[in-house]
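Here is the file data19.cif (mmCIF, C-alpha atoms).
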```
data_data
loop_
_atom_site.label_atom_id
_atom_site.label_comp_id
_atom_site.auth_asym_id
_atom_site.auth_seq_id
_atom_site.Cartn_x
_atom_site.Cartn_y
_atom_site.Cartn_z
CA MET A 1227 -207.29 109.81 -96.36
CA GLU A 1228 -207.23 109.26 -92.62
CA PRO A 1229 -205.70 112.11 -90.60
CA ILE A 1230 -202.62 111.58 -88.47
CA LYS A 1231 -203.83 110.69 -84.97
CA VAL A 1232 -201.75 112.36 -82.24
CA MET A 1233 -201.78 112.01 -78.45
CA VAL A 1234 -200.42 115.03 -76.53
CA VAL A 1235 -198.74 114.29 -73.20
CA ASP A 1236 -197.79 117.19 -70.90
CA ASP A 1237 -198.44 118.02 -67.25
CA SER A 1238 -199.08 121.70 -68.10
CA VAL A 1239 -202.68 122.53 -69.00
CA VAL A 1240 -201.44 125.59 -70.90
CA VAL A 1241 -198.95 123.61 -72.99
CA ARG A 1242 -201.51 120.89 -73.74
CA LYS A 1243 -203.91 123.59 -74.91
CA ILE A 1244 -201.30 125.30 -77.11
CA VAL A 1245 -200.13 122.06 -78.72
CA THR A 1246 -203.67 120.77 -79.21
CA ASP A 1247 -204.84 124.02 -80.80
CA VAL A 1248 -201.82 124.18 -83.11
CA LEU A 1249 -202.17 120.59 -84.28
CA SER A 1250 -205.95 120.81 -84.66
CA GLY A 1251 -205.45 123.71 -87.05
CA ASP A 1252 -203.83 121.38 -89.60
CA PRO A 1253 -206.32 119.39 -91.71
CA MET A 1254 -203.97 116.40 -91.83
CA ILE A 1255 -203.74 116.04 -88.02
CA GLN A 1256 -206.28 114.96 -85.41
CA VAL A 1257 -205.56 115.15 -81.67
CA VAL A 1258 -207.23 112.00 -80.36
CA GLY A 1259 -206.43 112.54 -76.69
CA THR A 1260 -204.21 114.05 -74.03
CA ALA A 1261 -202.56 112.90 -70.81
CA PRO A 1262 -201.01 114.85 -67.90
CA ASN A 1263 -198.28 112.29 -67.14
CA GLY A 1264 -196.46 109.34 -68.62
CA ARG A 1265 -198.35 106.68 -66.69
CA LEU A 1266 -201.72 107.78 -68.02
CA ALA A 1267 -200.22 108.09 -71.50
CA VAL A 1268 -199.07 104.47 -71.43
CA THR A 1269 -202.47 103.26 -70.25
CA LYS A 1270 -204.29 105.31 -72.92
CA LEU A 1271 -202.10 104.06 -75.75
CA GLU A 1272 -204.20 100.97 -76.51
CA GLN A 1273 -207.48 102.88 -76.25
CA LEU A 1274 -206.46 105.80 -78.48
CA LYS A 1275 -204.12 103.97 -80.89
CA PRO A 1276 -202.32 107.17 -81.95
CA ASP A 1277 -200.06 107.36 -84.98
CA LEU A 1278 -197.66 109.56 -82.98
CA VAL A 1279 -197.16 110.83 -79.43
CA THR A 1280 -195.77 114.20 -78.28
CA MET A 1281 -194.19 113.72 -74.86
CA ASP A 1282 -193.14 116.20 -72.19
CA ILE A 1283 -190.05 115.25 -70.17
CA GLU A 1284 -190.59 116.59 -66.65
CA MET A 1285 -193.89 115.19 -65.35
CA PRO A 1286 -195.16 113.78 -62.03
CA ASP A 1287 -195.79 110.09 -61.35
CA MET A 1288 -194.01 108.90 -64.52
CA ASN A 1289 -191.76 111.26 -66.47
CA GLY A 1290 -191.32 111.30 -70.22
CA ILE A 1291 -188.15 109.19 -70.28
CA GLU A 1292 -189.78 106.48 -68.18
CA ALA A 1293 -192.86 106.61 -70.41
CA VAL A 1294 -190.75 106.17 -73.55
CA ARG A 1295 -189.08 103.12 -72.00
CA ALA A 1296 -192.48 101.70 -71.02
CA ILE A 1297 -193.91 102.20 -74.51
CA ARG A 1298 -190.87 100.76 -76.23
CA GLY A 1299 -191.01 97.81 -73.85
CA GLY A 1300 -194.65 97.22 -74.79
CA ARG A 1301 -195.90 97.45 -71.20
CA GLY A 1302 -199.51 98.56 -70.96
CA ALA A 1303 -200.10 98.25 -74.70
CA ALA A 1304 -202.23 95.26 -75.63
CA GLY A 1305 -201.78 96.24 -79.26
CA GLY A 1306 -198.34 94.67 -79.12
CA ASN A 1307 -195.45 95.52 -81.40
CA LYS A 1308 -197.17 98.16 -83.52
CA LEU A 1309 -198.01 100.42 -80.57
CA SER A 1310 -194.60 99.86 -78.99
CA ARG A 1311 -193.06 101.35 -82.15
CA VAL A 1312 -195.28 104.45 -82.31
CA PRO A 1313 -193.17 107.54 -83.16
CA ILE A 1314 -192.50 109.75 -80.13
CA ILE A 1315 -191.46 113.42 -80.25
CA MET A 1316 -190.14 114.86 -76.98
CA PHE A 1317 -190.99 118.37 -75.81
CA SER A 1318 -187.83 119.80 -74.27
CA THR A 1319 -186.56 122.96 -72.63
CA LEU A 1320 -183.52 124.70 -74.09
CA THR A 1321 -181.43 124.23 -70.93
CA GLU A 1322 -178.53 122.04 -69.80
CA ARG A 1323 -180.93 119.86 -67.85
CA GLY A 1324 -183.41 119.77 -70.73
CA ALA A 1325 -180.71 118.83 -73.21
CA SER A 1326 -179.41 116.03 -71.00
CA ALA A 1327 -182.89 114.64 -70.44
CA THR A 1328 -183.70 114.85 -74.15
CA LEU A 1329 -180.60 112.87 -75.07
CA ASP A 1330 -181.60 110.29 -72.45
CA ALA A 1331 -185.06 110.10 -74.04
CA LEU A 1332 -183.58 109.61 -77.51
CA SER A 1333 -181.39 106.86 -76.13
CA ALA A 1334 -184.51 105.25 -74.60
CA GLY A 1335 -186.18 105.16 -78.01
CA ALA A 1336 -187.77 108.55 -78.72
CA ASN A 1337 -187.56 109.51 -82.39
CA ASP A 1338 -187.06 113.29 -82.24
CA TYR A 1339 -187.66 116.38 -80.14
CA VAL A 1340 -188.74 119.99 -80.30
CA THR A 1341 -187.84 122.77 -77.87
CA LYS A 1342 -190.49 124.61 -75.90
CA PRO A 1343 -190.93 128.28 -76.77
CA ALA A 1344 -188.79 130.51 -74.53
CA ASN A 1345 -188.66 134.30 -74.19
CA VAL A 1346 -191.59 134.84 -76.55
CA GLY A 1347 -193.91 137.75 -76.11
CA SER A 1348 -197.35 136.21 -76.62
CA VAL A 1349 -199.39 133.03 -76.84
CA GLY A 1350 -199.61 133.63 -80.59
CA GLN A 1351 -195.82 133.61 -80.91
CA SER A 1352 -195.62 130.47 -78.80
CA MET A 1353 -198.15 128.77 -81.04
CA GLU A 1354 -196.27 129.78 -84.18
CA SER A 1355 -193.01 128.44 -82.73
CA VAL A 1356 -194.66 125.11 -81.95
CA ARG A 1357 -196.32 125.02 -85.40
CA GLN A 1358 -193.05 125.58 -87.28
CA GLN A 1359 -191.12 122.99 -85.27
CA LEU A 1360 -193.65 120.27 -84.59
CA ILE A 1361 -195.93 119.84 -87.61
CA PRO A 1362 -193.15 119.10 -90.17
CA LYS A 1363 -191.68 116.49 -87.81
CA ILE A 1364 -195.04 114.83 -87.22
CA LYS A 1365 -195.60 114.53 -90.96
CA ALA A 1366 -192.07 113.31 -91.64
CA LEU A 1367 -192.16 110.65 -88.92
CA THR A 1368 -195.54 109.34 -90.09
CA GLY A 1369 -194.49 109.29 -93.75
CA ARG A 1370 -196.86 112.01 -94.91
CA PRO A 1371 -196.08 114.81 -97.39
CA MET A 1372 -195.96 118.41 -96.21
CA THR A 1373 -199.23 119.36 -97.95
CA ALA A 1374 -202.67 117.81 -97.97
CA GLY A 1375 -204.48 116.54 -101.05
CA PRO A 1376 -204.90 113.42 -103.18
CA ALA A 1377 -201.16 112.69 -102.99
CA ALA A 1378 -201.21 112.69 -99.19
CA ALA A 1379 -200.35 109.05 -98.73
CA PRO A 1380 -197.67 107.24 -96.72
CA VAL A 1381 -194.30 107.18 -98.39
CA ALA A 1382 -193.62 103.88 -100.17
CA PRO A 1383 -190.14 102.36 -100.53
CA VAL A 1384 -188.23 104.11 -103.29
CA ALA A 1385 -186.07 102.34 -105.86
CA VAL A 1386 -182.45 103.30 -105.33
CA ARG A 1387 -181.08 105.30 -108.24
CA PRO A 1388 -177.62 104.18 -109.37
CA PRO A 1389 -174.88 106.78 -108.95
CA ALA A 1390 -174.39 109.21 -111.78
CA PRO A 1391 -171.33 108.60 -114.00
CA ARG A 1392 -168.15 110.23 -112.71
CA THR A 1393 -166.46 112.97 -114.66
CA ARG A 1394 -163.11 112.31 -112.93
CA ALA A 1395 -161.40 109.51 -111.03
CA PRO A 1396 -162.15 109.34 -107.28
CA LYS A 1397 -159.52 110.74 -104.93
CA ASP A 1398 -158.26 109.20 -101.70
CA PRO A 1399 -160.18 111.03 -98.95
CA ALA A 1400 -158.20 113.39 -96.73
CA VAL A 1401 -161.18 114.33 -94.55
CA LEU A 1402 -164.43 112.71 -93.39
CA VAL A 1403 -167.56 114.88 -93.16
CA LEU A 1404 -170.94 113.66 -91.90
CA GLY A 1405 -174.43 115.13 -91.81
CA SER A 1406 -177.59 113.99 -90.03
CA SER A 1407 -180.81 115.26 -88.51
CA THR A 1408 -183.93 113.38 -87.33
CA GLY A 1409 -182.77 110.05 -85.90
CA GLY A 1410 -179.16 111.16 -86.22
CA PRO A 1411 -178.14 111.15 -82.55
CA GLU A 1412 -178.84 107.45 -82.16
CA ALA A 1413 -177.53 106.62 -85.66
CA LEU A 1414 -174.24 108.33 -84.90
CA THR A 1415 -173.84 106.25 -81.75
CA LYS A 1416 -174.05 103.18 -83.99
CA VAL A 1417 -171.39 104.47 -86.40
CA LEU A 1418 -168.75 106.58 -84.66
CA PRO A 1419 -167.90 104.13 -81.83
CA LEU A 1420 -167.00 101.54 -84.47
CA LEU A 1421 -164.32 103.76 -86.02
CA PRO A 1422 -160.76 103.19 -84.77
CA ALA A 1423 -158.66 105.72 -82.89
CA THR A 1424 -156.16 105.28 -85.74
CA LEU A 1425 -158.52 106.87 -88.26
CA PRO A 1426 -156.14 108.60 -90.70
CA VAL A 1427 -158.22 111.74 -91.34
CA PRO A 1428 -159.94 114.49 -89.32
CA VAL A 1429 -163.73 114.24 -88.94
CA LEU A 1430 -166.30 117.05 -89.00
CA LEU A 1431 -169.97 116.54 -88.22
CA VAL A 1432 -173.19 118.50 -88.57
CA GLN A 1433 -176.11 117.17 -86.54
CA HIS A 1434 -179.10 119.52 -86.62
CA MET A 1435 -179.33 120.56 -82.95
CA PRO A 1436 -179.68 123.80 -81.01
CA PRO A 1437 -177.02 125.32 -78.72
CA VAL A 1438 -176.41 123.48 -75.43
CA PHE A 1439 -177.61 120.24 -77.02
CA THR A 1440 -174.57 119.99 -79.33
CA ARG A 1441 -172.13 120.43 -76.46
CA GLN A 1442 -173.75 117.69 -74.41
CA PHE A 1443 -174.08 115.45 -77.44
CA ALA A 1444 -170.36 115.82 -78.21
CA GLN A 1445 -169.50 114.96 -74.61
CA ARG A 1446 -171.64 111.84 -74.73
CA LEU A 1447 -170.17 110.71 -78.04
CA ASP A 1448 -166.70 111.28 -76.63
CA ARG A 1449 -167.42 108.83 -73.82
CA LEU A 1450 -168.49 106.19 -76.35
CA CYS A 1451 -165.77 106.53 -78.98
CA ALA A 1452 -162.12 105.61 -79.39
CA LEU A 1453 -161.91 108.85 -81.39
CA GLN A 1454 -161.84 112.12 -79.50
CA VAL A 1455 -165.14 114.01 -79.95
CA VAL A 1456 -165.42 117.73 -79.20
CA GLU A 1457 -167.84 120.55 -79.90
CA ALA A 1458 -166.06 122.63 -82.53
CA VAL A 1459 -164.53 125.97 -81.57
CA GLU A 1460 -162.90 128.62 -83.72
CA GLY A 1461 -159.37 128.00 -84.98
CA THR A 1462 -158.62 124.41 -83.98
CA THR A 1463 -156.03 122.70 -86.18
CA LEU A 1464 -157.55 119.67 -87.91
CA THR A 1465 -155.73 116.46 -87.03
CA PRO A 1466 -156.56 112.77 -87.57
CA GLY A 1467 -158.57 111.04 -84.87
CA THR A 1468 -160.65 114.00 -83.68
CA VAL A 1469 -164.34 114.56 -84.43
CA HIS A 1470 -165.52 118.20 -84.45
CA VAL A 1471 -169.28 118.60 -83.88
CA ALA A 1472 -170.79 121.81 -85.26
CA PRO A 1473 -172.16 123.92 -82.38
CA GLY A 1474 -175.83 124.83 -82.43
CA ASP A 1475 -176.70 128.02 -84.31
CA HIS A 1476 -173.26 128.17 -86.01
CA HIS A 1477 -172.14 126.93 -89.40
CA LEU A 1478 -168.96 124.83 -89.24
CA VAL A 1479 -166.48 125.35 -92.09
CA ILE A 1480 -162.84 124.57 -92.82
CA GLY A 1481 -160.39 127.43 -93.14
CA THR A 1482 -156.81 127.29 -94.40
CA SER A 1483 -154.05 129.57 -93.14
CA GLY A 1484 -150.39 129.11 -94.01
CA GLY A 1485 -151.17 125.66 -95.36
CA VAL A 1486 -152.75 124.59 -92.06
CA LYS A 1487 -156.40 123.58 -92.04
CA ARG A 1488 -158.47 124.76 -89.08
CA THR A 1489 -162.07 124.85 -87.92
CA ALA A 1490 -163.97 128.08 -88.42
CA LEU A 1491 -167.44 129.09 -87.24
CA ASN A 1492 -169.86 131.67 -88.56
CA GLN A 1493 -173.47 132.76 -88.24
CA ALA A 1494 -174.18 133.40 -91.90
CA ALA A 1495 -177.76 132.96 -93.04
CA PRO A 1496 -179.29 129.49 -92.53
CA GLU A 1497 -179.28 127.16 -95.52
CA ASN A 1498 -182.11 124.68 -96.01
CA PHE A 1499 -183.62 126.41 -92.96
CA CYS A 1500 -180.71 125.08 -90.91
CA ARG A 1501 -177.78 126.53 -89.01
CA PRO A 1502 -175.55 124.56 -88.78
CA ALA A 1503 -176.14 123.21 -92.28
CA VAL A 1504 -174.64 120.12 -93.85
CA ASP A 1505 -174.32 121.79 -97.27
CA VAL A 1506 -172.15 124.54 -95.78
CA LEU A 1507 -169.73 122.04 -94.23
CA PHE A 1508 -169.59 119.84 -97.34
CA ARG A 1509 -168.95 122.82 -99.62
CA SER A 1510 -166.10 124.10 -97.45
CA ALA A 1511 -164.52 120.62 -97.26
CA VAL A 1512 -164.47 120.40 -101.06
CA ALA A 1513 -162.73 123.77 -101.30
CA ALA A 1514 -160.22 123.08 -98.49
CA TYR A 1515 -159.24 119.59 -99.62
CA ASP A 1516 -159.60 119.98 -103.40
CA GLY A 1517 -162.34 117.36 -103.49
CA ALA A 1518 -160.46 114.69 -101.51
CA VAL A 1519 -163.50 114.23 -99.27
CA LEU A 1520 -165.55 111.31 -97.97
CA GLY A 1521 -169.08 112.54 -97.25
CA VAL A 1522 -171.64 110.53 -95.27
CA VAL A 1523 -175.32 111.47 -95.08
CA LEU A 1524 -177.42 109.75 -92.42
CA THR A 1525 -181.09 109.82 -91.46
CA GLY A 1526 -182.86 113.18 -91.38
CA MET A 1527 -185.81 115.14 -92.72
CA GLY A 1528 -185.42 117.66 -95.51
CA SER A 1529 -182.72 117.71 -98.17
CA ASP A 1530 -179.77 119.39 -96.42
CA GLY A 1531 -176.58 117.78 -97.75
CA LYS A 1532 -177.84 117.04 -101.26
CA ILE A 1533 -176.13 119.98 -102.96
CA GLY A 1534 -172.97 119.48 -100.93
CA ALA A 1535 -172.89 115.78 -101.76
CA GLY A 1536 -173.13 116.65 -105.45
CA GLN A 1537 -170.20 119.05 -105.08
CA ILE A 1538 -168.13 116.39 -103.28
CA ARG A 1539 -168.73 113.90 -106.06
CA GLU A 1540 -168.17 116.43 -108.85
CA ALA A 1541 -164.79 117.31 -107.33
CA GLY A 1542 -163.65 113.67 -107.12
CA GLY A 1543 -164.81 112.78 -103.63
CA THR A 1544 -166.96 109.87 -102.48
CA VAL A 1545 -170.43 109.88 -100.90
CA VAL A 1546 -172.15 107.26 -98.73
CA ALA A 1547 -175.86 107.51 -97.85
CA GLN A 1548 -177.93 105.57 -95.33
CA ASP A 1549 -180.65 103.41 -96.86
CA GLN A 1550 -184.39 103.95 -96.51
CA ALA A 1551 -185.09 100.83 -94.46
CA THR A 1552 -182.83 101.82 -91.56
CA SER A 1553 -183.45 105.59 -91.62
CA VAL A 1554 -185.88 107.14 -89.15
CA VAL A 1555 -186.65 109.65 -91.93
CA TRP A 1556 -185.23 109.10 -95.42
CA GLY A 1557 -185.27 112.76 -96.34
CA MET A 1558 -181.62 113.83 -96.43
CA PRO A 1559 -180.06 110.52 -97.55
CA GLY A 1560 -183.01 109.96 -99.89
CA ALA A 1561 -182.45 113.33 -101.57
CA VAL A 1562 -178.77 112.50 -102.07
CA THR A 1563 -179.58 109.04 -103.41
CA GLN A 1564 -182.34 110.13 -105.78
CA ALA A 1565 -180.08 112.83 -107.20
CA GLY A 1566 -177.55 110.14 -108.14
CA PHE A 1567 -174.90 111.52 -105.79
CA ALA A 1568 -174.46 108.42 -103.56
CA ASP A 1569 -171.66 106.02 -104.47
CA GLU A 1570 -173.01 103.56 -101.90
CA VAL A 1571 -176.43 103.32 -100.21
CA LEU A 1572 -176.09 101.18 -97.11
CA PRO A 1573 -177.96 100.04 -94.01
CA LEU A 1574 -176.78 101.76 -90.86
CA ASP A 1575 -174.88 98.73 -89.56
CA ARG A 1576 -172.63 98.77 -92.65
CA VAL A 1577 -171.75 102.48 -92.68
CA ALA A 1578 -168.76 102.28 -90.30
CA GLU A 1579 -167.25 99.42 -92.32
CA ALA A 1580 -167.65 101.46 -95.51
CA ILE A 1581 -165.93 104.46 -93.93
CA THR A 1582 -162.89 102.45 -92.85
CA ARG A 1583 -162.76 100.69 -96.21
CA LEU A 1584 -162.90 103.90 -98.24
CA LEU A 1585 -160.31 105.79 -96.19
CA PRO A 1586 -156.54 105.33 -96.61
CA ASN A 1587 -154.70 102.88 -94.35
CA PRO A 1588 -154.97 103.80 -90.65
CA ARG A 1589 -152.18 105.93 -89.23
CA PRO A 1590 -149.87 104.42 -86.55
CA LEU A 1591 -151.31 104.78 -83.06
CA ALA A 1592 -149.14 106.19 -80.28
CA GLY A 1593 -150.19 104.51 -77.05
CA PHE A 1594 -153.46 102.70 -76.58
CA PRO A 1595 -156.93 103.45 -77.92
CA ARG A 1596 -159.35 105.22 -75.65
CA ALA A 1597 -161.82 102.93 -73.93
CA SER A 1598 -165.48 102.97 -74.88
CA THR A 1599 -167.84 103.37 -71.91
CA GLY A 1600 -171.19 102.37 -73.32
CA ALA A 1601 -173.48 101.91 -76.26
CA GLY A 1602 -176.06 104.62 -76.74
CA ILE A 1603 -176.26 108.36 -76.28
CA GLY A 1604 -177.28 107.89 -72.68
CA GLY A 1605 -173.93 106.21 -72.02
CA VAL A 1606 -175.62 103.01 -70.73
CA ARG A 1607 -174.46 99.61 -71.87
#
```

Starting from the file, lay out its structure as structure tokens.
Amino acid sequence: MEPIKVMVVDDSVVVRKIVTDVLSGDPMIQVVGTAPNGRLAVTKLEQLKPDLVTMDIEMPDMNGIEAVRAIRGGRGAAGGNKLSRVPIIMFSTLTERGASATLDALSAGANDYVTKPANVGSVGQSMESVRQQLIPKIKALTGRPMTAGPAAAPVAPVAVRPPAPRTRAPKDPAVLVLGSSTGGPEALTKVLPLLPATLPVPVLLVQHMPPVFTRQFAQRLDRLCALQVVEAVEGTTLTPGTVHVAPGDHHLVIGTSGGVKRTALNQAAPENFCRPAVDVLFRSAVAAYDGAVLGVVLTGMGSDGKIGAGQIREAGGTVVAQDQATSVVWGMPGAVTQAGFADEVLPLDRVAEAITRLLPNPRPLAGFPRASTGAGIGGVR
């Protein structure tokens, strides 16, 4: 079958060389061109017709965020709608500034990001870091399997499997737990701001992100939501109306002391190659709340959350999964759905309604709800 055609955009000759060499080493990927800035990338889009673009953020003339906006707006692309929807993966630095710019790029329409190698000892290590991060995301975003061969074809729509029969009656949820990965930042900005400040249960969230990114993401969500959103810290008492975002490189779990449920963090081994991991959070919620859990699995590559969703349902909880049509990558919610663990499989714009419907009646609100300041992770209306 045809290889995945990729355009590499970066102002650094060294980075372009590293990324090009790494991608060219995979038989399923062909680098069809490069560009040193966003303006040239936009003009080359129609000529090269890539299946995917990797995009640096800090570049002269036109930076990566501006280029994403130009591509999504269709400017400079005579190919029209198809090219304006080309998947874009940002290349980011693991810094406060890099995290902020990456979230702006995601809000502008980028699909995902990888972090540039930092503090590595050789070009070989840099290349391996790029290979491990970038190639799986390229294949996931273009609908290709992780290995080459006769089965290497775009992923077709999958028939939704009905939920497996319950072994016990469902329980009223006492906690809401959510998991997401690729496409999750933007999906969460479409769900969480629609939940009321009177939400009757505490909320815990795993979004696959590195340190620094999770803190900034929590701050941005907090500006958008009536709920309070914080990056989770050790030992916070769980109360209704607050969303705790798992910090990068730490698993988020629920601990109980003296009958009081609190957040707890640890750096146990990654699960599903992830830390934080959705399965870890879901498993701890089942134990802490005796199965009275509402679990939500949104867009993301891989299968993190599948085992935890099964445990939620087995213990009497309820599981909602995002549907394939509205997911950037239907890996995580697809794994949950195909295992028969999803009670409802819904488009993204119906997830918030399902959450409020499945939870108990809202608690009384003291005072007024917090004002929302925007719509999107960039905080722009």

Mind telling me what the PyMOL selection byres ((chain A and resi 1506) around 12) catches here, as a ChimeraX atom specification? /A:1403-1405,1430-1432,1472,1476-1480,1490-1505,1507-1513,1530-1535,1537-1538

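Residues captured in this structure file are Val1245, Val1248, Leu1249, Thr1280, Ile1315, Met1316, Phe1317, Asp1338, Tyr1339, Val1340, Thr1341, Glu1354, Ser1355, Val1356, Arg1357, Gln1358, Gln1359, Ile1361, Pro1362, Lys1363, Ile1364 and Lys1365 of chain A, according to the PyMOL selection byres ((chain A and resi 1360) around 10).
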
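Selection by the PyMOL selection byres ((chain A and resi 1560) around 8) on the present file picks out Ser1529, Ala1547, Asp1549, Gln1550, Trp1556, Gly1557, Met1558, Pro1559, Ala1561, Val1562, Thr1563 and Gln1564 of chain A.
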
Report the distance between CA of Val1545 in chain A and CA of Gly1526 in chain A in Å, rounded to one decimal place. 16.0 Å

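All residues of protein, DNA or RNA that reach within 12 Å of Asp1247 in chain A, judged by only C-alpha atoms and not counting those fewer than 2 positions away in the chain, are A:Val1234, A:Val1240, A:Val1241, A:Arg1242, A:Lys1243, A:Ile1244, A:Val1245, A:Leu1249, A:Ser1250, A:Gly1251, A:Asp1252, A:Pro1253, A:Ile1255, A:Gln1256, A:Val1257, A:Val1349, A:Gly1350, A:Ser1352, A:Met1353, A:Glu1354, A:Val1356, A:Arg1357, A:Ile1361.
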
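Considering only C-alpha atoms, the residue among A:Ala1444, A:Leu1584, A:Met1527, A:Ile1314 positioned nearest to Arg1370 in chain A is A:Met1527.
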
For Pro1473 in chain A, please output as a ChimeraX atom specification all residues within 7 Å (counting only C-alpha atoms; exclusion window: fewer than 3 positions along the same chain). /A:1437,1440-1441,1457-1458,1476

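Here the question is which of A:His1470, A:Gly1485, A:Val1279, A:Thr1415 gets nearest to Cys1451 in chain A using all atoms listed in the file, and that residue is A:Thr1415.
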
If you count all atoms listed in the file, which residues fall within 9 Å of range 1262-1268 of chain A, apart from same-chain ones fewer than 4 positions away, as a PyMOL selection string? chain A and resi 1233-1239+1242+1272+1279+1281-1294+1296-1297+1301-1303

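The two atoms in question, CA of Arg1311 in chain A and CA of Leu1418 in chain A, are spaced 25.0 Å apart.
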
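Minimum atom-to-atom distances from A:Arg1394, A:Arg1576, A:Arg1446, A:Lys1270 to Thr1544 in chain A were compared using all atoms listed in the file, and the lowest value belongs to A:Arg1394.
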
Applying 7 Å and all atoms listed in the file, which residues near Gln1433 in chain A remain after dropping the ones on its own chain fewer than 4 positions away? List them as a tab-separated table (two decimals) with C-alpha atoms, keeping the file's coordinate frame.
```
chain	number	residue	atom	x	y	z
A	1405	GLY	CA	-174.43	115.13	-91.81
A	1406	SER	CA	-177.59	113.99	-90.03
A	1407	SER	CA	-180.81	115.26	-88.51
A	1410	GLY	CA	-179.16	111.16	-86.22
```
